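Everything below belongs to start.txt, which stores compact mmCIF, C-alpha atoms.
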# COMPACT_ATOMS: atom_id res chain seq x y z
CA MET A 1 -16.58 -18.97 -2.91
CA ILE A 2 -17.49 -16.20 -0.52
CA GLN A 3 -20.76 -16.82 1.31
CA THR A 4 -22.99 -13.77 0.90
CA ARG A 5 -26.23 -12.28 2.09
CA SER A 6 -28.29 -9.26 1.11
CA SER A 7 -27.28 -5.87 2.51
CA ALA A 8 -29.48 -4.43 5.21
CA SER A 9 -28.42 -0.99 3.96
CA VAL A 10 -30.45 -1.23 0.73
CA ASN A 11 -34.13 -0.33 0.88
CA THR A 12 -36.08 -3.47 -0.08
CA ASN A 13 -38.73 -1.34 -1.76
CA ASP A 14 -36.19 0.06 -4.21
CA THR A 15 -35.45 -3.11 -6.09
CA VAL A 16 -35.91 -6.86 -6.04
CA LYS A 17 -32.59 -7.24 -7.81
CA ALA A 18 -30.67 -6.07 -4.73
CA ARG A 19 -31.95 -9.18 -2.90
CA THR A 20 -30.96 -11.66 -5.59
CA HIS A 21 -27.20 -11.19 -5.42
CA PRO A 22 -24.66 -9.19 -3.46
CA THR A 23 -23.15 -6.06 -4.93
CA ARG A 24 -20.45 -7.28 -7.31
CA VAL A 25 -17.38 -5.05 -7.36
CA GLY A 26 -14.38 -5.44 -9.65
CA ILE A 27 -11.03 -4.15 -8.38
CA PHE A 28 -8.59 -3.29 -11.16
CA TYR A 29 -4.90 -3.10 -10.28
CA PRO A 30 -1.92 -5.40 -11.00
CA ALA A 31 -1.61 -6.64 -7.42
CA ASP A 32 -1.05 -10.17 -6.15
CA PRO A 33 -2.84 -10.73 -2.81
CA ALA A 34 -0.89 -13.96 -2.27
CA GLY A 35 2.51 -12.41 -3.06
CA HIS A 36 5.10 -11.00 -0.69
CA ILE A 37 6.00 -7.76 -2.46
CA PRO A 38 6.07 -4.91 0.08
CA GLY A 39 3.81 -2.18 -1.24
CA GLY A 40 1.17 0.06 0.21
CA ILE A 41 -1.34 -0.32 -2.64
CA ASP A 42 -1.17 -4.12 -2.51
CA THR A 43 -1.66 -4.00 1.27
CA ILE A 44 -4.65 -1.68 0.94
CA ILE A 45 -6.29 -3.96 -1.61
CA ARG A 46 -5.70 -7.00 0.61
CA GLY A 47 -7.38 -5.14 3.46
CA ILE A 48 -10.44 -4.21 1.38
CA LEU A 49 -10.81 -7.87 0.39
CA LYS A 50 -10.08 -9.33 3.81
CA TRP A 51 -12.67 -7.25 5.68
CA ALA A 52 -15.31 -7.19 2.95
CA PRO A 53 -18.84 -7.52 4.35
CA GLU A 54 -20.98 -10.37 3.11
CA ASP A 55 -23.25 -8.14 1.04
CA ILE A 56 -20.37 -6.98 -1.20
CA ASP A 57 -18.69 -9.52 -3.47
CA TYR A 58 -15.23 -8.48 -4.73
CA THR A 59 -13.14 -9.87 -7.56
CA LEU A 60 -9.58 -8.65 -8.00
CA PHE A 61 -8.34 -8.49 -11.58
CA GLY A 62 -4.65 -8.35 -10.77
CA ALA A 63 -1.23 -9.76 -11.57
CA THR A 64 0.55 -12.93 -10.53
CA SER A 65 4.03 -12.90 -9.03
CA ASP A 66 4.10 -16.72 -9.18
CA PRO A 67 2.74 -17.98 -12.54
CA GLU A 68 3.22 -21.62 -11.53
CA GLN A 69 1.05 -21.35 -8.43
CA ARG A 70 -1.34 -18.71 -9.81
CA PRO A 71 -1.34 -18.99 -13.63
CA VAL A 72 -2.27 -16.00 -15.79
CA GLY A 73 -5.91 -16.06 -16.87
CA GLN A 74 -7.05 -18.65 -14.33
CA GLU A 75 -9.23 -17.76 -11.36
CA ALA A 76 -7.51 -18.44 -8.04
CA SER A 77 -8.98 -18.64 -4.56
CA VAL A 78 -6.78 -16.83 -2.07
CA SER A 79 -7.23 -17.04 1.69
CA LEU A 80 -6.94 -13.79 3.65
CA GLY A 81 -7.62 -14.44 7.31
CA ASN A 82 -10.89 -16.38 7.43
CA LYS A 83 -11.97 -14.98 4.06
CA THR A 84 -11.53 -16.64 0.67
CA ILE A 85 -11.41 -14.10 -2.14
CA ARG A 86 -11.60 -14.38 -5.91
CA PHE A 87 -8.49 -13.35 -7.75
CA ILE A 88 -7.99 -13.39 -11.51
CA PRO A 89 -4.39 -12.60 -12.51
CA ILE A 90 -4.52 -11.22 -16.03
CA VAL A 91 -0.77 -10.51 -16.37
CA SER A 92 2.45 -11.57 -14.64
CA ALA A 93 4.58 -9.22 -12.53
CA ASP A 94 8.22 -9.50 -11.51
CA PRO A 95 8.23 -9.88 -7.69
CA SER A 96 11.52 -7.97 -7.51
CA GLY A 97 9.83 -4.90 -9.00
CA ARG A 98 12.27 -4.72 -11.91
CA ARG A 99 10.85 -2.92 -14.92
CA LYS A 100 10.39 -4.55 -18.32
CA LEU A 101 10.56 -3.00 -21.78
CA VAL A 102 6.76 -2.71 -21.87
CA PRO A 103 5.56 -1.17 -18.56
CA LEU A 104 3.32 -3.31 -16.39
CA THR A 105 0.47 -0.80 -16.56
CA ILE A 106 0.46 -0.91 -20.38
CA ARG A 107 0.53 -4.72 -20.45
CA TYR A 108 -2.24 -4.81 -17.87
CA MET A 109 -4.46 -2.41 -19.84
CA LEU A 110 -3.98 -4.32 -23.10
CA VAL A 111 -5.25 -7.54 -21.52
CA LEU A 112 -8.01 -5.70 -19.68
CA ARG A 113 -9.25 -4.28 -22.99
CA ARG A 114 -9.53 -7.83 -24.30
CA TYR A 115 -11.54 -8.85 -21.23
CA ILE A 116 -13.94 -5.97 -21.88
CA ARG A 117 -14.43 -6.96 -25.53
CA GLN A 118 -15.06 -10.57 -24.52
CA GLY A 119 -17.76 -9.48 -22.07
CA ARG A 120 -15.95 -11.01 -19.11
CA LEU A 121 -16.65 -7.98 -16.93
CA ASP A 122 -20.31 -7.48 -17.81
CA HIS A 123 -21.56 -9.10 -14.58
CA LEU A 124 -19.95 -6.47 -12.36
CA ASP A 125 -22.07 -3.77 -10.71
CA ILE A 126 -19.30 -1.35 -9.67
CA LEU A 127 -15.75 -0.75 -10.93
CA ASP A 128 -12.88 0.27 -8.62
CA PHE A 129 -9.47 1.50 -9.79
CA HIS A 130 -6.22 2.09 -7.92
CA ARG A 131 -4.61 3.91 -10.82
CA VAL A 132 -6.41 6.39 -13.02
CA GLU A 133 -5.12 5.12 -16.40
CA PRO A 134 -7.25 1.92 -16.70
CA LEU A 135 -10.35 4.07 -16.24
CA ALA A 136 -9.81 5.20 -19.85
CA LEU A 137 -11.00 1.78 -21.03
CA PHE A 138 -14.35 2.33 -19.30
CA ARG A 139 -15.00 5.97 -20.18
CA LYS A 140 -18.26 5.07 -21.99
CA ASP A 141 -19.35 2.62 -19.30
CA HIS A 142 -22.30 3.84 -17.22
CA ARG A 143 -21.64 1.70 -14.16
CA PRO A 144 -20.45 3.50 -10.99
CA LYS A 145 -16.67 3.96 -10.99
CA ASN A 146 -14.37 4.78 -8.09
CA VAL A 147 -10.69 5.68 -8.01
CA MET A 148 -8.26 5.57 -5.10
CA ILE A 149 -5.21 7.84 -5.48
CA HIS A 150 -2.31 6.72 -3.30
CA GLN A 151 -0.12 9.82 -3.67
CA ASP A 152 -0.51 13.50 -4.11
CA MET A 153 0.30 13.21 -7.81
CA GLU A 154 1.80 16.67 -7.77
CA VAL A 155 4.92 14.72 -6.82
CA ILE A 156 5.54 13.87 -10.49
CA ARG A 157 6.82 17.42 -10.87
CA SER A 158 9.44 16.78 -8.19
CA LYS A 159 13.06 15.86 -8.92
CA ASP A 160 12.71 13.01 -6.42
CA ALA A 161 9.86 11.32 -8.29
CA ASP A 162 10.30 7.70 -9.30
CA ILE A 163 7.06 7.57 -11.29
CA GLY A 164 7.17 7.19 -15.07
CA TRP A 165 4.88 10.18 -15.54
CA ARG A 166 7.67 12.48 -14.25
CA TYR A 167 8.84 12.68 -17.87
CA ALA A 168 5.49 14.10 -19.01
CA PRO A 169 3.59 15.49 -16.00
CA TRP A 170 1.51 17.73 -18.24
CA LEU A 171 0.23 14.66 -20.12
CA TYR A 172 -0.70 12.81 -16.92
CA GLU A 173 -2.56 15.85 -15.63
CA ALA A 174 -4.46 16.17 -18.91
CA ILE A 175 -5.43 12.48 -18.77
CA GLU A 176 -6.40 12.80 -15.13
CA ARG A 177 -8.62 15.82 -15.81
CA ARG A 178 -10.45 13.96 -18.55
CA LEU A 179 -10.90 10.71 -16.66
CA PHE A 180 -11.88 12.17 -13.30
CA ARG A 181 -14.99 13.50 -15.02
CA LYS A 182 -15.96 9.84 -15.50
CA ALA A 183 -15.42 8.85 -11.86
CA ASN A 184 -18.26 8.85 -9.35
CA HIS A 185 -15.95 9.08 -6.35
CA VAL A 186 -12.23 9.62 -5.77
CA PHE A 187 -10.61 8.60 -2.49
CA CYS A 188 -7.16 10.06 -1.71
CA VAL A 189 -4.73 9.01 1.01
CA ARG A 190 -3.25 12.52 1.07
CA GLN A 191 -5.19 15.45 2.45
CA SER A 192 -3.21 17.82 0.25
CA ALA A 193 -4.45 15.93 -2.82
CA VAL A 194 -8.06 16.25 -1.70
CA ALA A 195 -7.68 20.00 -1.18
CA ARG A 196 -6.06 20.44 -4.60
CA TYR A 197 -8.67 18.38 -6.44
CA ARG A 198 -11.51 20.23 -4.75
CA ARG A 199 -10.05 23.51 -6.00
CA VAL A 200 -9.62 22.19 -9.53
CA TYR A 201 -13.02 20.49 -9.67
CA ALA A 202 -14.97 23.03 -7.62
CA ASP A 203 -18.25 22.12 -9.35
CA SER A 204 -17.99 18.53 -8.07
CA ALA A 205 -15.82 18.90 -4.98
CA ASP A 206 -17.94 16.45 -2.97
CA ARG A 207 -16.68 13.60 -5.18
CA PHE A 208 -13.25 13.82 -3.51
CA SER A 209 -12.56 12.63 0.03
CA PHE A 210 -9.62 11.78 2.25
CA ILE A 211 -9.23 8.23 3.45
CA PRO A 212 -6.37 7.28 5.75
CA THR A 213 -4.59 3.96 5.57
CA TRP A 214 -4.94 1.40 8.33
CA VAL A 215 -3.14 -1.44 10.07
CA ASP A 216 -4.13 -5.08 10.36
CA THR A 217 -3.82 -5.65 14.10
CA THR A 218 -4.54 -9.35 13.70
CA ILE A 219 -1.03 -9.55 12.20
CA PHE A 220 0.79 -6.53 13.63
CA HIS A 221 0.62 -6.31 17.41
CA PRO A 222 3.03 -6.33 20.36
CA LEU A 223 4.66 -9.55 21.51
CA GLN A 224 2.18 -11.22 23.84
CA ASP A 225 4.72 -13.43 25.59
CA THR A 226 7.97 -11.59 26.28
CA SER A 227 9.77 -14.89 26.77
CA GLN A 228 9.40 -15.43 23.03
CA SER A 229 11.70 -12.50 22.29
CA GLN A 230 14.82 -14.54 23.00
CA ASN A 231 13.64 -17.31 20.68
CA SER A 232 12.92 -14.72 17.99
CA MET A 233 16.37 -13.15 18.39
CA ARG A 234 17.97 -16.59 18.08
CA MET A 235 16.02 -17.08 14.88
CA LEU A 236 17.33 -13.78 13.52
CA ASP A 237 20.86 -14.77 14.55
CA ILE A 238 20.59 -18.02 12.62
CA ARG A 239 18.83 -16.60 9.56
CA PHE A 240 20.32 -13.12 9.22
CA GLY A 241 23.35 -13.06 11.51
CA VAL A 242 21.86 -10.57 13.98
CA SER A 243 23.63 -10.63 17.34
CA GLN A 244 21.32 -11.00 20.34
CA SER A 245 22.92 -7.89 21.81
CA ALA A 246 22.23 -5.80 18.70
CA GLN A 247 20.04 -2.73 18.56
CA LEU A 248 17.65 -3.94 15.88
CA LEU A 249 16.46 -1.47 13.23
CA VAL A 250 13.95 -2.42 10.54
CA TRP A 251 13.22 -0.89 7.13
CA VAL A 252 10.54 -2.26 4.78
CA GLY A 253 9.96 -1.23 1.18
CA ARG A 254 11.00 -1.47 -2.43
CA LEU A 255 14.61 -0.81 -3.27
CA ASP A 256 13.88 2.15 -5.52
CA ARG A 257 14.30 5.92 -5.64
CA GLN A 258 11.02 6.69 -3.89
CA LYS A 259 12.02 4.75 -0.76
CA ASP A 260 15.55 6.24 -0.89
CA PRO A 261 17.58 3.38 0.63
CA VAL A 262 20.73 5.26 -0.41
CA LEU A 263 19.98 7.99 2.14
CA LEU A 264 19.19 5.33 4.72
CA LEU A 265 22.59 3.64 4.40
CA ASP A 266 24.41 6.96 4.57
CA ALA A 267 22.47 7.70 7.77
CA ILE A 268 23.35 4.31 9.25
CA LYS A 269 27.02 5.07 8.57
CA VAL A 270 26.58 8.22 10.66
CA ALA A 271 24.66 6.42 13.42
CA VAL A 272 27.09 3.53 13.95
CA THR A 273 29.84 5.92 14.94
CA THR A 274 28.01 6.48 18.25
CA GLN A 275 25.78 3.37 18.30
CA PRO A 276 28.10 0.55 17.17
CA GLU A 277 25.60 -2.20 18.10
CA ILE A 278 23.13 -1.15 15.38
CA HIS A 279 21.97 -3.87 13.00
CA LEU A 280 19.59 -2.88 10.22
CA LEU A 281 17.34 -5.39 8.46
CA MET A 282 16.24 -4.12 5.04
CA ILE A 283 13.16 -6.06 3.95
CA GLY A 284 12.20 -5.90 0.28
CA ASP A 285 13.68 -6.00 -3.19
CA GLY A 286 13.81 -3.80 -6.26
CA ILE A 287 15.73 -2.25 -9.09
CA LEU A 288 18.39 -0.68 -6.84
CA ARG A 289 19.47 -3.93 -5.19
CA GLN A 290 22.87 -4.13 -6.88
CA GLN A 291 23.56 -0.48 -6.12
CA ILE A 292 22.60 -0.99 -2.47
CA GLU A 293 24.82 -4.07 -2.20
CA ALA A 294 27.73 -2.04 -3.59
CA GLN A 295 27.01 0.84 -1.20
CA ILE A 296 26.95 -1.48 1.82
CA LYS A 297 30.37 -2.74 0.77
CA SER A 298 31.84 0.71 0.07
CA LEU A 299 30.60 2.09 3.42
CA GLU A 300 31.89 -0.99 5.24
CA LEU A 301 28.47 -1.72 6.69
CA ALA A 302 28.35 -5.48 6.06
CA LYS A 303 28.35 -6.16 9.82
CA HIS A 304 25.56 -3.68 10.39
CA VAL A 305 23.16 -4.18 7.46
CA THR A 306 21.43 -7.27 6.08
CA LEU A 307 19.35 -7.37 2.89
CA CYS A 308 16.51 -9.79 3.64
CA GLY A 309 14.67 -9.74 0.33
CA ALA A 310 10.88 -10.00 0.21
CA ILE A 311 9.29 -11.95 3.05
CA PRO A 312 5.63 -12.55 4.06
CA PRO A 313 3.79 -10.05 6.29
CA SER A 314 3.57 -12.60 9.10
CA GLN A 315 7.37 -12.83 9.26
CA ILE A 316 7.73 -9.05 9.06
CA ALA A 317 5.36 -8.83 12.04
CA GLU A 318 7.51 -11.26 14.05
CA ILE A 319 10.62 -9.18 13.33
CA LEU A 320 8.90 -5.91 14.27
CA GLN A 321 7.80 -7.36 17.61
CA ILE A 322 11.44 -7.55 18.74
CA ALA A 323 12.75 -4.48 16.90
CA ASP A 324 14.08 -1.43 18.71
CA LEU A 325 13.25 1.05 15.95
CA PHE A 326 11.60 1.33 12.55
CA VAL A 327 13.08 3.75 10.00
CA LEU A 328 11.40 5.31 6.95
CA SER A 329 13.72 7.12 4.54
CA SER A 330 11.28 7.76 1.68
CA ALA A 331 11.46 10.81 -0.57
CA TYR A 332 7.66 10.93 -0.77
CA GLU A 333 4.70 8.88 0.45
CA GLY A 334 0.95 8.87 0.81
CA MET A 335 0.15 7.58 4.28
CA PRO A 336 2.71 4.78 4.67
CA ILE A 337 1.15 1.62 6.08
CA VAL A 338 4.53 0.30 7.25
CA VAL A 339 4.69 3.14 9.77
CA LEU A 340 1.32 2.11 11.21
CA GLU A 341 2.40 -1.54 11.27
CA ALA A 342 5.52 -0.69 13.27
CA LEU A 343 3.59 1.47 15.75
CA ALA A 344 0.92 -1.21 16.18
CA SER A 345 3.76 -3.59 17.11
CA GLY A 346 4.84 -1.15 19.85
CA VAL A 347 7.91 -0.01 17.91
CA PRO A 348 8.84 3.70 17.69
CA VAL A 349 9.45 5.23 14.27
CA VAL A 350 12.03 7.61 12.86
CA THR A 351 10.78 8.95 9.55
CA MET A 352 11.41 11.65 7.02
CA GLU A 353 8.63 14.24 6.87
CA VAL A 354 6.58 12.69 4.10
CA GLY A 355 2.89 12.16 3.45
CA GLU A 356 0.65 11.94 6.49
CA VAL A 357 3.23 10.68 9.02
CA ARG A 358 2.49 13.54 11.43
CA LEU A 359 -0.99 12.10 11.96
CA VAL A 360 0.62 9.32 13.99
CA ILE A 361 4.19 10.41 14.91
CA ASP A 362 4.63 12.79 17.84
CA ASP A 363 8.26 13.83 18.32
CA GLY A 364 9.77 12.35 21.47
CA ILE A 365 6.58 10.41 22.26
CA ASP A 366 6.52 7.56 19.71
CA GLY A 367 9.39 8.53 17.45
CA PHE A 368 10.76 11.47 15.49
CA VAL A 369 9.93 13.20 12.20
CA VAL A 370 13.05 14.42 10.37
CA THR A 371 12.60 17.60 8.34
CA GLU A 372 16.08 17.82 6.77
CA ARG A 373 16.93 15.25 4.08
CA SER A 374 20.51 14.55 5.06
CA PRO A 375 22.43 11.57 6.48
CA ASP A 376 23.43 13.61 9.53
CA ALA A 377 19.84 14.59 10.35
CA LEU A 378 18.42 11.10 9.85
CA GLY A 379 21.36 9.40 11.56
CA GLY A 380 21.13 11.80 14.49
CA ALA A 381 17.41 11.11 14.92
CA ILE A 382 18.08 7.37 14.90
CA CYS A 383 20.65 7.75 17.69
CA ASN A 384 18.31 10.04 19.63
CA ALA A 385 15.46 7.54 19.44
CA LEU A 386 17.67 4.63 20.47
CA SER A 387 18.98 6.59 23.45
CA LEU A 388 15.41 7.05 24.73
CA GLY A 389 14.84 3.29 24.66
CA ASP A 390 11.68 2.07 26.41
CA ALA A 391 10.51 5.64 27.07
CA ILE A 392 9.10 5.84 23.53
CA ARG A 393 8.17 2.18 23.09
CA GLY A 394 4.95 0.34 23.75
CA HIS A 395 1.74 2.06 24.79
CA ALA A 396 2.31 5.45 23.14
CA CYS A 397 3.04 3.75 19.80
CA ILE A 398 -0.01 1.51 19.98
CA GLU A 399 -2.28 4.36 21.06
CA ALA A 400 -1.14 6.48 18.09
CA VAL A 401 -2.75 4.07 15.59
CA ASP A 402 -5.86 3.25 17.60
CA ALA A 403 -8.08 5.15 15.15
CA TYR A 404 -6.55 3.51 12.08
CA THR A 405 -8.10 0.06 12.13
CA PRO A 406 -9.79 -1.55 9.12
CA GLU A 407 -13.09 -1.73 10.98
CA ARG A 408 -13.15 2.07 11.26
CA VAL A 409 -11.51 3.17 8.03
CA LEU A 410 -12.92 0.72 5.49
CA GLN A 411 -16.52 1.40 6.42
CA ASN A 412 -16.35 4.51 4.20
CA ILE A 413 -15.48 2.38 1.17
CA TYR A 414 -18.13 -0.24 1.84
CA ASP A 415 -20.83 2.37 2.52
CA ASN A 416 -19.92 4.12 -0.73
CA HIS A 417 -20.42 0.85 -2.64
CA ARG A 418 -23.76 0.22 -0.93
CA ALA A 419 -25.00 3.71 -1.76
CA GLN A 420 -23.92 3.36 -5.41
CA ALA A 421 -25.59 -0.04 -5.69
CA ALA A 422 -28.83 1.28 -4.20
CA GLN A 423 -28.81 4.24 -6.59
CA ARG A 424 -28.13 2.04 -9.59
CA HIS A 425 -30.93 -0.39 -8.78
CA ARG A 426 -33.64 2.23 -8.40
As structure tokens, please, write out the structure in this file.
Amino acid sequence: MIQTRSSASVNTNDTVKARTHPTRVGIFYPADPAGHIPGGIDTIIRGILKWAPEDIDYTLFGATSDPEQRPVGQEASVSLGNKTIRFIPIVSADPSGRRKLVPLTIRYMLVLRRYIRQGRLDHLDILDFHRVEPLALFRKDHRPKNVMIHQDMEVIRSKDADIGWRYAPWLYEAIERRLFRKANHVFCVRQSAVARYRRVYADSADRFSFIPTWVDTTIFHPLQDTSQSQNSMRMLDIRFGVSQSAQLLVWVGRLDRQKDPVLLLDAIKVAVTTQPEIHLLMIGDGILRQQIEAQIKSLELAKHVTLCGAIPPSQIAEILQIADLFVLSSAYEGMPIVVLEALASGVPVVTMEVGEVRLVIDDGIDGFVVTERSPDALGGAICNALSLGDAIRGHACIEAVDAYTPERVLQNIYDNHRAQAAQRHR
């Protein structure tokens, strides 16, 4: 159980109730804080929970990726740093990201509706959502409600979209318009989304605000003892067959259309013609795994590419500390946390021009942003970055993410909850 105290931010004259218990916030999204599925939304939720102040008490109503260790319907205590958080998995989720006949969001909402009818959520003071759809179940609920949008959802009208709503964007937009009227605040990780929403909802534009992502520097940081790099490379040699003389590239994400691993492999094929020592570690799993395995074989990249599967953040951090380059090949993004994690580790980044990457990537300083979606352009940028070597490593990378720490970014979320709780208790 999280030890709590009353918030100093709430006026004691407003209510006695504010002193009797912390602000109780429910987070609704099918995430597993103890799982190892690479994903920006899961990472953001873990951060909110890990750095939660003592006067705000969170419960995550999520999904389990390991039903034996974290059974459906049973409360689990999960350790995040020195914090123990409450987690109630209400559905199970495939850790590989493979889709089932009934979409995860639908299964999640069906169980959540049952929880509402049983009164199992009545104790909560504030409700937080990381997808807009579950908000429909609470449209008559008068408690404060917040939504975090992790994309500019205009992307569902793009041919590159890998979101189910791409088949009916007009329906999603209609649902969004109706449900946003029920939300007290909407955080967006894309500035373009904030601007668009403020135009559409001009009468309540102040409800929408930009919030960047952040990096957990307690996990992702440069190698403190350079002598450890040889030991780490030996570990990679044993586990993944990476030669100690290799130029180590890292990619982290789901094997799906959004992350575009197909483009990445085509780019690696281009790059190895001039940089034959390249070895790419692809960390993650997903619905395209078989296709990616076949592509590696057809491009004759078996000596240059290793599929690592899903591994814990701590192990990803160890790999990044000895990497030469991080590559992001995504078709679209919000503000990708993996880019911040690489930079915080002192590793330069080559990325497609997606989301908010230009907030942290300065061409030729800490990496390169590629504007043309082609194997030649991405492969060329990879070779260019590798040729610069230590000139774009280290300090410039770390300095680029200095403003994106949880202590700075998450304060906006916590202050919003405190203000809503104070208003509600008046």
Could you tell me, as a ChimeraX atom specification, which residues have any atom at most 8 Å from (-0.1, 11.4, -3.5), counting all atoms listed in the file?
/A:149-155,188-190,193,333-334,355
Next, dump the selected residues to file, keeping only C-alpha atoms, as a tab-separated table (two decimals), in the frame of the given file.
chain	number	residue	atom	x	y	z
A	149	ILE	CA	-5.21	7.84	-5.48
A	150	HIS	CA	-2.31	6.72	-3.30
A	151	GLN	CA	-0.12	9.82	-3.67
A	152	ASP	CA	-0.51	13.50	-4.11
A	153	MET	CA	0.30	13.21	-7.81
A	154	GLU	CA	1.80	16.67	-7.77
A	155	VAL	CA	4.92	14.72	-6.82
A	188	CYS	CA	-7.16	10.06	-1.71
A	189	VAL	CA	-4.73	9.01	1.01
A	190	ARG	CA	-3.25	12.52	1.07
A	193	ALA	CA	-4.45	15.93	-2.82
A	333	GLU	CA	4.70	8.88	0.45
A	334	GLY	CA	0.95	8.87	0.81
A	355	GLY	CA	2.89	12.16	3.45
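With atom CA of A:Gln258 on one side and atom CA of A:Ser329 on the other, the separation reads 8.9 Å.
When only C-alpha atoms are used to measure the gap to A:Asn384, the shortest distance among A:Arg408, A:Ala271, A:Gly39, A:Ala331 belongs to A:Ala271.
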Box centre and edge lengths (Å, one decimal), axis-aligned, stretch 37-55 of chain A plus 8 Å each side, as AutoDock Vina command-line options:
--center_x -8.6 --center_y -5.2 --center_z 1.5 --size_x 45.3 --size_y 26.4 --size_z 24.3
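Minimum distance to A:Gly47 across A:Leu80, A:Ile126, A:Ile392, A:Ala202 (counting all atoms listed in the file) occurs at A:Leu80.
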In terms of all atoms listed in the file, the residue from A:Asp256, A:Leu60, A:Asp203, A:Glu318 at minimal distance from A:Ile292 is A:Asp256
